[in-house]
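One structure below.
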Amino acid sequence: MTHRSDRLGEDPISGLVNALRRLPGIGERTATRLTFFILHEEEGIAQDLAEALLEAREKIRLCQTCCNLTDQEECVVCRDGRRDPSLICVVERIQDLRAIEATGDFRGTYHVLHGLISPLDGVGPDDLHLRELITRLQDSETREALDEVIVATSPTVDGETTALYLQKLLSPFGIQVSRIASGVPIGGDLEYTDRVTLARAIAQRRAM
Amino acid sequence: MLLEALRLKDFRNLRDVELSPHQRFNLFTGQNGQGKTNLLEAIYLLSAVKSFRSQATNRNLIGHGRDQAELFARVDRGGHVRDVGIEIGERGKRITLNGQTVRNVADFFGTLNVVIFGPDDIGVLKGSPSERRRFIDRAIFNARPAYGTEATHFEEVLKNRNALLKEERVDGGLLSIYDDQLVEWGAQILRRRLDFIDHFRPVLKRTFRSIFGDGFEAEIGYQAEWADQDLSTENVEEALRDALSRTRQEERHRGYTLVGPHRDDLRTELDGHDLRAFGSQGQTRAFILAMKIAEITYLEERYRFAPILLLDDVSSELDRERNRQLFAFLRDRAIGQVFITTTHRDHILLEEDLRHYQVVDGEVRDG
């Protein structure tokens, strides 16, 4: 813990190192390297970085429809008129949305929960962005166009729990709710697939 | 299963150890505190990734003043040779198979199978139910590594369910989701354990008779106090569901889950008397010796492999007669690699097929 009095006496170099260290995935060595990079390069870098940080922080907010990040009222996916309104894919985090977008194969829309249910971590259903999803479904035009909600949370206890909760929550709407499949990776070797995944893949096999 | 080579660097007090073990018996003698048990712990880690010492953190597995420990073994399993490595750093472990990093630890389990018999096992029958559950779980895991993942999954469901039960206002809809998962994964654990007992029980009874003669009748069974019917692999889901609905009131009141495999025990009897309550020291030691020998025999007979046996200073815990029986069993086994530690060479009733090492202050020398 840094006390306030220490902070006031902190020199600017360690101040920057410590600020950078608070970012995820950055330890002391990386923070020090970044600090000296910023100090050695032309002044423009520090200026650009500072402005970009503040601007992003100020302008980026949650899309009012799907809770993706955006600098407008609606995110780039929701604004895109060519997206298929019959499918909503529910994901835990923005990173998951980006991963699915990167496949280029999904043409529906998204809903980002920003978390998973986990009583152990003190996260309950009310802490997720579920209300926005319900509000969305209550809109008759959206509901009319919608055929299916795909729950793409991870196959962990929290991911499963959240998926099952969504299934219950959405049942009054009479919409098809489906779960992403889990199984053997494409191009992977059966021999090297972990056993629980393989056992599940066999249990959940499909007819051909 | 054979450990053909073992190499350790900066593991606890073992700075640099390189061994080509004998395919039968390997004996490590030395005073207490020299590093004998650390050697067995290293072999155990190469099998289970976790230590058998419950307080072991990565930091105290690494030699004093060092950054990381390295463990390496060459394992021959029925002619199939594999190199197993573990690097232990303060932040975590890196596992390799044939030089390739293993991302999912579940893929690694089953490469090296060990059964350990040490001073902690001696007290299992008189100890807490969790120690007896660990005996069952270890034995299942050895033959079916996927069981480890299933058990972890179950525990996570359980912890979340308990956290939910402790909340002031419990969301009934959410609780029923955890009910379903508790039943699904709990039933899986129960089926595995019941299946194990089914196959283990006759082996144990036979082992006990062959060691101690026909005078005593040994019995072992799975005990689930929460179930109001005899459990079988067919009815576990239904039994769990019934028990959950029966305890609904009480578990909310207490704030934790009262039914499921995490509450169970292993019942052990000698001539109809419950050993947990009535066993003498001699009887419980005889029984645990039979259980350990039966565990090895069970793996050999059912899964066709001979696990590596680690004997950590048990001879000083067993009386003369039990000790003689243990070594009679080990010599009569046609195969099977054994690593033995002792402070007293004369406790170890082996003369042939033996390599002898001395352990002095973290160094291992030919003895």
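The chains in the structure tokens are called A, B, ... from first to last as shown; in each chain the residues are counted from 1, and the ligands are counted from 1 in the order shown.
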
Produce a table with one row for each residue of region 143-198 of chain B that has an atom at most 8 Å from any atom of region 184-197 of chain A, each row naming the nearest atom pair and its distance in Å at one decimal; use only C-alpha atoms; arrange rows by chain and rising residue number; format as a tab-separated table.
residue	atom	partner	partner_atom	distance
B:Pro145	CA	A:Arg195	CA	7.9
B:Ala146	CA	A:Arg195	CA	5.7
B:Thr149	CA	A:Val196	CA	7.1
B:Glu150	CA	A:Val196	CA	7.7

Write out, as a compact mmCIF listing (two decimals), in the first residue's frame, the residues just selected, with N, CA and C atoms.
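Printed below is out-v2.txt as written:
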# COMPACT_ATOMS: atom_id res chain seq x y z
N PRO B 145 -7.62 -40.76 -15.12
CA PRO B 145 -7.21 -39.38 -14.85
C PRO B 145 -8.32 -38.34 -15.05
N ALA B 146 -9.30 -38.62 -15.92
CA ALA B 146 -10.37 -37.65 -16.16
C ALA B 146 -11.15 -37.38 -14.86
N THR B 149 -10.50 -33.95 -13.22
CA THR B 149 -11.23 -32.81 -13.77
C THR B 149 -12.68 -32.81 -13.29
N GLU B 150 -13.27 -34.00 -13.27
CA GLU B 150 -14.66 -34.11 -12.81
C GLU B 150 -14.78 -33.68 -11.35

Give me, as a compact mmCIF listing (two decimals) with all heavy atoms, in the first residue's frame, the contact residues of chain A against chain B at a cut-off of 10 Å, counting only C-alpha atoms.
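Below is the file part.txt, written as the result:
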# COMPACT_ATOMS: atom_id res chain seq x y z
N ILE A 117 -22.23 -15.33 -13.77
CA ILE A 117 -22.75 -15.54 -12.42
C ILE A 117 -21.75 -16.37 -11.62
O ILE A 117 -21.29 -17.41 -12.07
CB ILE A 117 -24.10 -16.28 -12.47
CG1 ILE A 117 -25.13 -15.42 -13.20
CG2 ILE A 117 -24.59 -16.63 -11.06
CD1 ILE A 117 -26.44 -16.14 -13.47
N SER A 118 -21.40 -15.89 -10.43
CA SER A 118 -20.49 -16.63 -9.56
C SER A 118 -20.68 -16.18 -8.12
O SER A 118 -20.03 -15.23 -7.68
CB SER A 118 -19.03 -16.41 -10.00
OG SER A 118 -18.16 -16.98 -9.05
N PRO A 119 -21.57 -16.83 -7.38
CA PRO A 119 -21.80 -16.44 -5.98
C PRO A 119 -20.50 -16.43 -5.18
O PRO A 119 -20.33 -15.61 -4.28
CB PRO A 119 -22.75 -17.52 -5.46
CG PRO A 119 -23.43 -18.06 -6.67
CD PRO A 119 -22.43 -17.95 -7.79
N LEU A 120 -19.58 -17.32 -5.55
CA LEU A 120 -18.31 -17.41 -4.84
C LEU A 120 -17.52 -16.10 -4.95
O LEU A 120 -16.83 -15.69 -4.02
CB LEU A 120 -17.49 -18.57 -5.42
CG LEU A 120 -16.32 -19.09 -4.61
CD1 LEU A 120 -16.75 -19.52 -3.22
CD2 LEU A 120 -15.66 -20.25 -5.34
N ASP A 121 -17.63 -15.45 -6.12
CA ASP A 121 -16.96 -14.16 -6.29
C ASP A 121 -17.90 -12.99 -6.02
O ASP A 121 -17.58 -11.85 -6.34
CB ASP A 121 -16.42 -14.04 -7.73
CG ASP A 121 -15.40 -15.12 -8.03
OD1 ASP A 121 -14.65 -15.48 -7.10
OD2 ASP A 121 -15.37 -15.62 -9.16
N GLY A 122 -19.06 -13.30 -5.48
CA GLY A 122 -20.02 -12.24 -5.16
C GLY A 122 -20.70 -11.64 -6.38
O GLY A 122 -21.19 -10.51 -6.32
N VAL A 123 -20.75 -12.39 -7.48
CA VAL A 123 -21.42 -11.88 -8.68
C VAL A 123 -22.75 -12.61 -8.86
O VAL A 123 -22.78 -13.83 -9.05
CB VAL A 123 -20.55 -12.08 -9.95
CG1 VAL A 123 -21.25 -11.49 -11.17
CG2 VAL A 123 -19.17 -11.47 -9.77
N GLY A 124 -23.84 -11.88 -8.78
CA GLY A 124 -25.16 -12.45 -8.97
C GLY A 124 -25.74 -12.00 -10.30
O GLY A 124 -25.15 -11.16 -10.98
N PRO A 125 -26.91 -12.52 -10.67
CA PRO A 125 -27.55 -12.15 -11.94
C PRO A 125 -27.72 -10.64 -12.10
O PRO A 125 -27.58 -10.11 -13.21
CB PRO A 125 -28.91 -12.85 -11.88
CG PRO A 125 -28.72 -13.97 -10.94
CD PRO A 125 -27.69 -13.53 -9.95
N THR A 156 -17.23 -23.53 -18.50
CA THR A 156 -16.78 -23.64 -17.12
C THR A 156 -18.03 -23.68 -16.23
O THR A 156 -19.14 -23.50 -16.74
CB THR A 156 -15.96 -22.41 -16.71
OG1 THR A 156 -16.79 -21.25 -16.93
CG2 THR A 156 -14.71 -22.28 -17.55
N VAL A 157 -17.85 -23.88 -14.92
CA VAL A 157 -19.01 -23.90 -14.03
C VAL A 157 -19.78 -22.57 -14.13
O VAL A 157 -21.00 -22.57 -14.29
CB VAL A 157 -18.59 -24.18 -12.58
CG1 VAL A 157 -19.77 -24.01 -11.63
CG2 VAL A 157 -18.03 -25.59 -12.45
N ASP A 158 -19.06 -21.45 -14.07
CA ASP A 158 -19.73 -20.15 -14.14
C ASP A 158 -20.39 -19.93 -15.50
O ASP A 158 -21.50 -19.38 -15.58
CB ASP A 158 -18.72 -19.02 -13.87
CG ASP A 158 -18.19 -19.08 -12.44
OD1 ASP A 158 -18.79 -19.78 -11.61
OD2 ASP A 158 -17.17 -18.43 -12.17
N GLU A 160 -21.52 -22.29 -17.58
CA GLU A 160 -22.69 -23.18 -17.65
C GLU A 160 -23.86 -22.61 -16.84
O GLU A 160 -25.00 -22.60 -17.28
CB GLU A 160 -22.36 -24.57 -17.10
CG GLU A 160 -21.54 -25.47 -18.01
CD GLU A 160 -22.19 -25.75 -19.35
OE1 GLU A 160 -23.42 -25.90 -19.42
OE2 GLU A 160 -21.45 -25.80 -20.35
N THR A 161 -23.51 -22.16 -15.62
CA THR A 161 -24.54 -21.63 -14.73
C THR A 161 -25.24 -20.44 -15.39
O THR A 161 -26.47 -20.35 -15.41
CB THR A 161 -23.91 -21.18 -13.39
OG1 THR A 161 -23.25 -22.31 -12.81
CG2 THR A 161 -24.95 -20.65 -12.43
N THR A 162 -24.45 -19.54 -15.95
CA THR A 162 -25.01 -18.37 -16.60
C THR A 162 -25.87 -18.77 -17.80
O THR A 162 -26.95 -18.22 -18.01
CB THR A 162 -23.87 -17.43 -17.04
OG1 THR A 162 -23.03 -17.18 -15.91
CG2 THR A 162 -24.41 -16.11 -17.57
N ALA A 163 -25.42 -19.77 -18.56
CA ALA A 163 -26.19 -20.25 -19.71
C ALA A 163 -27.53 -20.81 -19.26
O ALA A 163 -28.58 -20.50 -19.85
CB ALA A 163 -25.39 -21.31 -20.47
N LEU A 164 -27.50 -21.62 -18.19
CA LEU A 164 -28.75 -22.21 -17.70
C LEU A 164 -29.68 -21.13 -17.15
O LEU A 164 -30.90 -21.21 -17.31
CB LEU A 164 -28.44 -23.26 -16.62
CG LEU A 164 -27.72 -24.52 -17.13
CD1 LEU A 164 -27.17 -25.35 -15.99
CD2 LEU A 164 -28.66 -25.36 -17.99
N TYR A 165 -29.10 -20.12 -16.52
CA TYR A 165 -29.91 -19.03 -15.99
C TYR A 165 -30.60 -18.28 -17.13
O TYR A 165 -31.78 -17.95 -17.05
CB TYR A 165 -29.02 -18.08 -15.17
CG TYR A 165 -29.83 -17.07 -14.39
CD1 TYR A 165 -30.31 -17.37 -13.11
CD2 TYR A 165 -30.12 -15.81 -14.92
CE1 TYR A 165 -31.07 -16.45 -12.40
CE2 TYR A 165 -30.88 -14.88 -14.22
CZ TYR A 165 -31.34 -15.21 -12.95
OH TYR A 165 -32.09 -14.31 -12.24
N LYS A 168 -33.58 -20.13 -18.49
CA LYS A 168 -34.77 -19.94 -17.66
C LYS A 168 -35.36 -18.55 -17.86
O LYS A 168 -36.57 -18.38 -17.97
CB LYS A 168 -34.41 -20.09 -16.17
CG LYS A 168 -34.32 -21.52 -15.75
CD LYS A 168 -34.42 -21.66 -14.24
CE LYS A 168 -34.43 -23.14 -13.90
NZ LYS A 168 -34.56 -23.41 -12.49
N LEU A 169 -34.49 -17.57 -17.87
CA LEU A 169 -34.91 -16.18 -17.98
C LEU A 169 -35.65 -15.91 -19.29
O LEU A 169 -36.60 -15.15 -19.34
CB LEU A 169 -33.67 -15.28 -17.88
CG LEU A 169 -33.88 -13.79 -17.71
CD1 LEU A 169 -34.47 -13.49 -16.34
CD2 LEU A 169 -32.56 -13.04 -17.89
N GLU A 191 -5.99 -38.26 -30.09
CA GLU A 191 -5.09 -38.79 -29.07
C GLU A 191 -4.70 -37.71 -28.06
O GLU A 191 -4.49 -37.99 -26.89
CB GLU A 191 -3.84 -39.37 -29.74
CG GLU A 191 -2.94 -40.12 -28.77
CD GLU A 191 -1.58 -40.44 -29.37
OE1 GLU A 191 -1.42 -40.33 -30.60
OE2 GLU A 191 -0.68 -40.80 -28.59
N TYR A 192 -4.58 -36.47 -28.54
CA TYR A 192 -4.10 -35.41 -27.66
C TYR A 192 -5.21 -34.52 -27.12
O TYR A 192 -4.96 -33.48 -26.54
CB TYR A 192 -3.03 -34.57 -28.38
CG TYR A 192 -1.83 -35.39 -28.74
CD1 TYR A 192 -1.49 -35.64 -30.07
CD2 TYR A 192 -1.05 -35.98 -27.74
CE1 TYR A 192 -0.39 -36.43 -30.40
CE2 TYR A 192 0.05 -36.76 -28.05
CZ TYR A 192 0.37 -36.99 -29.39
OH TYR A 192 1.44 -37.77 -29.69
N THR A 193 -6.46 -34.90 -27.39
CA THR A 193 -7.56 -34.12 -26.85
C THR A 193 -7.75 -34.49 -25.39
O THR A 193 -7.66 -35.66 -25.03
CB THR A 193 -8.85 -34.43 -27.62
OG1 THR A 193 -8.61 -34.15 -29.00
CG2 THR A 193 -10.01 -33.59 -27.12
N ASP A 194 -7.97 -33.48 -24.53
CA ASP A 194 -8.07 -33.83 -23.12
C ASP A 194 -9.29 -34.72 -22.89
O ASP A 194 -10.27 -34.67 -23.62
CB ASP A 194 -8.08 -32.57 -22.23
CG ASP A 194 -9.44 -31.96 -22.14
OD1 ASP A 194 -10.22 -32.40 -21.28
OD2 ASP A 194 -9.73 -31.05 -22.94
N ARG A 195 -9.20 -35.54 -21.86
CA ARG A 195 -10.12 -36.67 -21.74
C ARG A 195 -11.56 -36.26 -21.46
O ARG A 195 -12.49 -36.88 -21.95
CB ARG A 195 -9.62 -37.61 -20.65
CG ARG A 195 -8.26 -38.19 -20.98
CD ARG A 195 -7.77 -39.03 -19.84
NE ARG A 195 -6.48 -39.62 -20.10
CZ ARG A 195 -5.33 -39.05 -19.80
NH1 ARG A 195 -5.32 -37.87 -19.22
NH2 ARG A 195 -4.20 -39.64 -20.06
N VAL A 196 -11.72 -35.21 -20.65
CA VAL A 196 -13.09 -34.80 -20.33
C VAL A 196 -13.77 -34.25 -21.58
O VAL A 196 -14.92 -34.56 -21.87
CB VAL A 196 -13.09 -33.78 -19.18
CG1 VAL A 196 -14.49 -33.23 -18.96
CG2 VAL A 196 -12.59 -34.43 -17.90
N THR A 197 -13.03 -33.45 -22.36
CA THR A 197 -13.57 -32.91 -23.61
C THR A 197 -13.94 -34.06 -24.55
O THR A 197 -15.03 -34.07 -25.15
CB THR A 197 -12.54 -32.00 -24.29
OG1 THR A 197 -12.15 -30.98 -23.37
CG2 THR A 197 -13.10 -31.37 -25.54
N LEU A 198 -13.05 -35.02 -24.64
CA LEU A 198 -13.29 -36.15 -25.54
C LEU A 198 -14.51 -36.96 -25.09
O LEU A 198 -15.36 -37.32 -25.90
CB LEU A 198 -12.03 -37.04 -25.56
CG LEU A 198 -11.93 -38.08 -26.66
CD1 LEU A 198 -12.14 -37.45 -28.02
CD2 LEU A 198 -10.56 -38.76 -26.61
N ALA A 199 -14.61 -37.19 -23.76
CA ALA A 199 -15.74 -37.94 -23.23
C ALA A 199 -17.05 -37.20 -23.54
O ALA A 199 -18.04 -37.81 -23.95
CB ALA A 199 -15.59 -38.15 -21.73

As a ChimeraX atom specification, please: every residue in region 17-208 of chain A that DSSP puts in helix (DSSP H, G or I). /A:17-21,28-40,43-59,76-79,94-103,119-121,125-127,131-138,140-145,157-173,190-192,195-203

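One finds CA of Phe329 (chain B) at 25.0 Å from CA of Gly110 (chain B).
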
Separation of CA of Val91 (chain A) and CA of Ala145 (chain A), in Å?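 According to the coordinates, CA of Val91 (chain A) and CA of Ala145 (chain A) are separated by 20.2 Å.
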
Would you mind listing what lies within 9 Å of Leu289 (chain B) as an MDAnalysis selection string, with only C-alpha atoms counted and same-chain residues fewer than 4 positions away left out? chainID B and resid 117 122 208 284:285 293:294 318 322 326

Long-range neighbours of Phe25 (chain B) as a ChimeraX atom specification, 7 Å cut-off, only C-alpha atoms, 4 positions minimum in chain: /B:337-339,353-355

Please save N, CA, C and O atoms of the selected residues as an mmCIF file, in the first residue's frame.
data_model
loop_
_atom_site.group_PDB
_atom_site.id
_atom_site.type_symbol
_atom_site.label_atom_id
_atom_site.label_comp_id
_atom_site.auth_asym_id
_atom_site.auth_seq_id
_atom_site.Cartn_x
_atom_site.Cartn_y
_atom_site.Cartn_z
ATOM 1 N N GLN B 337 8.344 -51.620 -9.678
ATOM 2 C CA GLN B 337 9.465 -50.845 -9.181
ATOM 3 C C GLN B 337 9.080 -50.198 -7.851
ATOM 4 O O GLN B 337 7.960 -49.716 -7.705
ATOM 5 N N VAL B 338 10.010 -50.220 -6.909
ATOM 6 C CA VAL B 338 9.716 -49.704 -5.575
ATOM 7 C C VAL B 338 10.829 -48.766 -5.133
ATOM 8 O O VAL B 338 12.014 -49.061 -5.338
ATOM 9 N N PHE B 339 10.424 -47.623 -4.561
ATOM 10 C CA PHE B 339 11.387 -46.692 -3.964
ATOM 11 C C PHE B 339 11.105 -46.639 -2.465
ATOM 12 O O PHE B 339 9.985 -46.352 -2.057
ATOM 13 N N ASP B 353 17.968 -57.913 -6.088
ATOM 14 C CA ASP B 353 17.315 -56.954 -6.995
ATOM 15 C C ASP B 353 17.251 -55.559 -6.370
ATOM 16 O O ASP B 353 16.216 -54.904 -6.406
ATOM 17 N N LEU B 354 18.345 -55.156 -5.791
ATOM 18 C CA LEU B 354 18.305 -53.965 -4.958
ATOM 19 C C LEU B 354 19.447 -53.013 -5.308
ATOM 20 O O LEU B 354 20.574 -53.438 -5.527
ATOM 21 N N ARG B 355 19.103 -51.708 -5.400
ATOM 22 C CA ARG B 355 20.165 -50.706 -5.485
ATOM 23 C C ARG B 355 20.060 -49.843 -4.236
ATOM 24 O O ARG B 355 18.975 -49.426 -3.860
#
